[in-house]
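*Asks:* Once you've had a glance at the structure underneath, I'll fire off some questions.
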Amino acid sequence: MTKPIGAIILAAGFSSRFGSSKLLAELLNGKSVFQQTTDRIAEAFPNRIVITRPEMTPQLQKLAKETPILSFENADQGMGATLAFAVQHIGDWEGCVVCLADMPFIETSTYQRIAKQVTVDSIVTPIFDSRVGNPVAFGRRYFADLAALTGDSGGRGLTNKYPKAVRALQVTDPGILQDIDTPGELARYQDA
């Protein structure tokens, strides 16, 4: 049996530019940003975890259905530290797709396509309109590098460190570029 490709959902940011918790902001369909993001990821990945701050855990747990939520006490150290924490909890996955909880417009089919491209020694980056987006997937070979991350630098630096491992995947999904940092961005993407 092949080992699974799983999703790490990073939900530990502080929404400082949004003014309140952007993950709990409501979309036009009545779902929160977090709920729509995790619902789409859940359709693509049986194996997944959410990493968040302790104070967000109770609220996100209600919205995450059957997705395990892990609290990271040191989320204030940044995305790199959060991702390093996550990698310690993924067991025997063959690869991981690093998803951002504030990207609710990525199609489930895009997650599935990225997952199909991951091998133990590849890094997969989606491309839309000549721009690299999220999520980025990493084969097991890079888990030690991810586990060594610190501060606010996420896994993107590994694409520079291992350029020959990177597989660019052309997608037709503008959602891979649409992360929400401000109420204006949320409104603009919903109207698109």
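Identifiers for the structure tokens are assigned positionally: chains receive A, B, ... in sequence, residues are indexed from 1 per chain, and ligands are indexed from 1 in the order shown.
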Show which residues sit within 12 Å of region 56-62 of chain A, as a tab-separated table (two decimals) with C-alpha atoms, in the first residue's frame. Count only C-alpha atoms, and ignore same-chain residues fewer than 3 positions away.
*Replies:*
```tsv
chain	number	residue	atom	x	y	z
A	9	ILE	CA	-3.52	23.57	6.96
A	10	LEU	CA	-1.79	26.59	8.50
A	11	ALA	CA	-4.28	28.61	10.55
A	12	ALA	CA	-2.02	30.22	13.16
A	13	GLY	CA	-1.67	33.77	11.81
A	14	PHE	CA	-2.82	36.82	13.73
A	15	SER	CA	-4.96	38.57	11.05
A	21	SER	CA	-10.09	37.04	12.75
A	22	LYS	CA	-10.19	36.71	8.96
A	23	LEU	CA	-10.65	32.95	9.30
A	24	LEU	CA	-14.03	33.54	10.95
A	32	SER	CA	-16.60	31.22	7.16
A	33	VAL	CA	-13.31	31.59	5.28
A	34	PHE	CA	-11.87	28.76	7.38
A	35	GLN	CA	-14.86	26.48	6.91
A	36	GLN	CA	-14.92	26.76	3.12
A	37	THR	CA	-11.15	26.27	2.94
A	38	THR	CA	-11.17	23.17	5.13
A	49	ILE	CA	-4.28	18.46	10.11
A	50	VAL	CA	-4.87	22.08	11.07
A	51	ILE	CA	-2.27	24.00	13.05
A	52	THR	CA	-3.54	27.03	14.96
A	53	ARG	CA	-2.96	29.13	18.06
A	65	LYS	CA	-15.66	18.73	10.92
A	66	GLU	CA	-13.37	15.73	11.30
A	67	THR	CA	-10.09	17.51	10.66
A	68	PRO	CA	-7.72	17.20	13.65
A	69	ILE	CA	-6.66	20.55	15.08
A	70	LEU	CA	-3.33	20.98	16.84
A	71	SER	CA	-2.53	23.98	19.00
A	72	PHE	CA	0.91	25.51	18.59
A	73	GLU	CA	1.93	27.53	21.64
A	75	ALA	CA	2.71	30.50	16.71
A	101	ALA	CA	-6.43	28.59	5.83
```
*Asks:* What are the nearest atom pairs, with distances in Å to one decimal, for all residues of region 41-128 of chain A that come at most 10 Å from region 165-169 of chain A, using only C-alpha atoms, set out by chain and rising residue number as JSON lines?
*Replies:*
```
{"residue": "A:Thr110", "atom": "CA", "partner": "A:Leu169", "partner_atom": "CA", "distance": 9.9}
{"residue": "A:Arg113", "atom": "CA", "partner": "A:Leu169", "partner_atom": "CA", "distance": 8.6}
{"residue": "A:Ile114", "atom": "CA", "partner": "A:Leu169", "partner_atom": "CA", "distance": 7.4}
{"residue": "A:Gln117", "atom": "CA", "partner": "A:Arg167", "partner_atom": "CA", "distance": 8.1}
{"residue": "A:Val118", "atom": "CA", "partner": "A:Arg167", "partner_atom": "CA", "distance": 8.8}
{"residue": "A:Thr119", "atom": "CA", "partner": "A:Ala165", "partner_atom": "CA", "distance": 9.9}
{"residue": "A:Asp121", "atom": "CA", "partner": "A:Ala165", "partner_atom": "CA", "distance": 6.7}
{"residue": "A:Ser122", "atom": "CA", "partner": "A:Ala165", "partner_atom": "CA", "distance": 4.9}
{"residue": "A:Ile123", "atom": "CA", "partner": "A:Val166", "partner_atom": "CA", "distance": 4.7}
{"residue": "A:Val124", "atom": "CA", "partner": "A:Arg167", "partner_atom": "CA", "distance": 4.8}
{"residue": "A:Thr125", "atom": "CA", "partner": "A:Ala168", "partner_atom": "CA", "distance": 5.1}
{"residue": "A:Pro126", "atom": "CA", "partner": "A:Leu169", "partner_atom": "CA", "distance": 4.7}
{"residue": "A:Ile127", "atom": "CA", "partner": "A:Leu169", "partner_atom": "CA", "distance": 5.7}
{"residue": "A:Phe128", "atom": "CA", "partner": "A:Leu169", "partner_atom": "CA", "distance": 8.7}
```
*Asks:* Just the helix (DSSP H, G or I) stuff from region 22-184 of chain A, please, per backbone DSSP, written as a count of residues only.
*Replies:* 69
*Asks:* Please indicate the distance in Å from CA of Phe18 (chain A) to CA of Thr82 (chain A), rounded to one decimal place.
*Replies:*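 Here the two named atoms are 20.2 Å from each other.
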*Asks:* How many Å separate CA of Phe143 (chain A) from CA of Met103 (chain A)?
*Replies:*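 Between these atoms lies a distance of 23.2 Å.
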*Asks:* Have a look at A:Ile106, A:Leu149, A:Leu63, A:Ala7 and name the one nearest to Gln178 (chain A); count only C-alpha atoms.
*Replies:* A:Ile106
*Asks:* Between CA of Gly151 (chain A) and CA of Met79 (chain A), measure the distance and give it in Å to one decimal.
*Replies:*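 Result for CA of Gly151 (chain A) versus CA of Met79 (chain A): 6.6 Å, one decimal.
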*Asks:* Restricting the calculation to only C-alpha atoms: of A:Gly133, A:Gly78, A:Pro104, A:Gly184, which residue gets closest to Val171 (chain A)?
*Replies:*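 Nearest candidate to Val171 (chain A) out of A:Gly133, A:Gly78, A:Pro104, A:Gly184: A:Gly133.
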*Asks:* Here is a test: counting only C-alpha atoms, which residue of A:Leu186, A:Leu177, A:Cys96, A:Ala84 is nearest to Ala115 (chain A)?
*Replies:*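 Ranking A:Leu186, A:Leu177, A:Cys96, A:Ala84 by distance to Ala115 (chain A), first place goes to A:Cys96.
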*Asks:* Which one is closest to Asn134 (chain A): A:Ala148, A:Val120, A:Cys99, A:Leu158? Count only C-alpha atoms.
*Replies:* A:Cys99
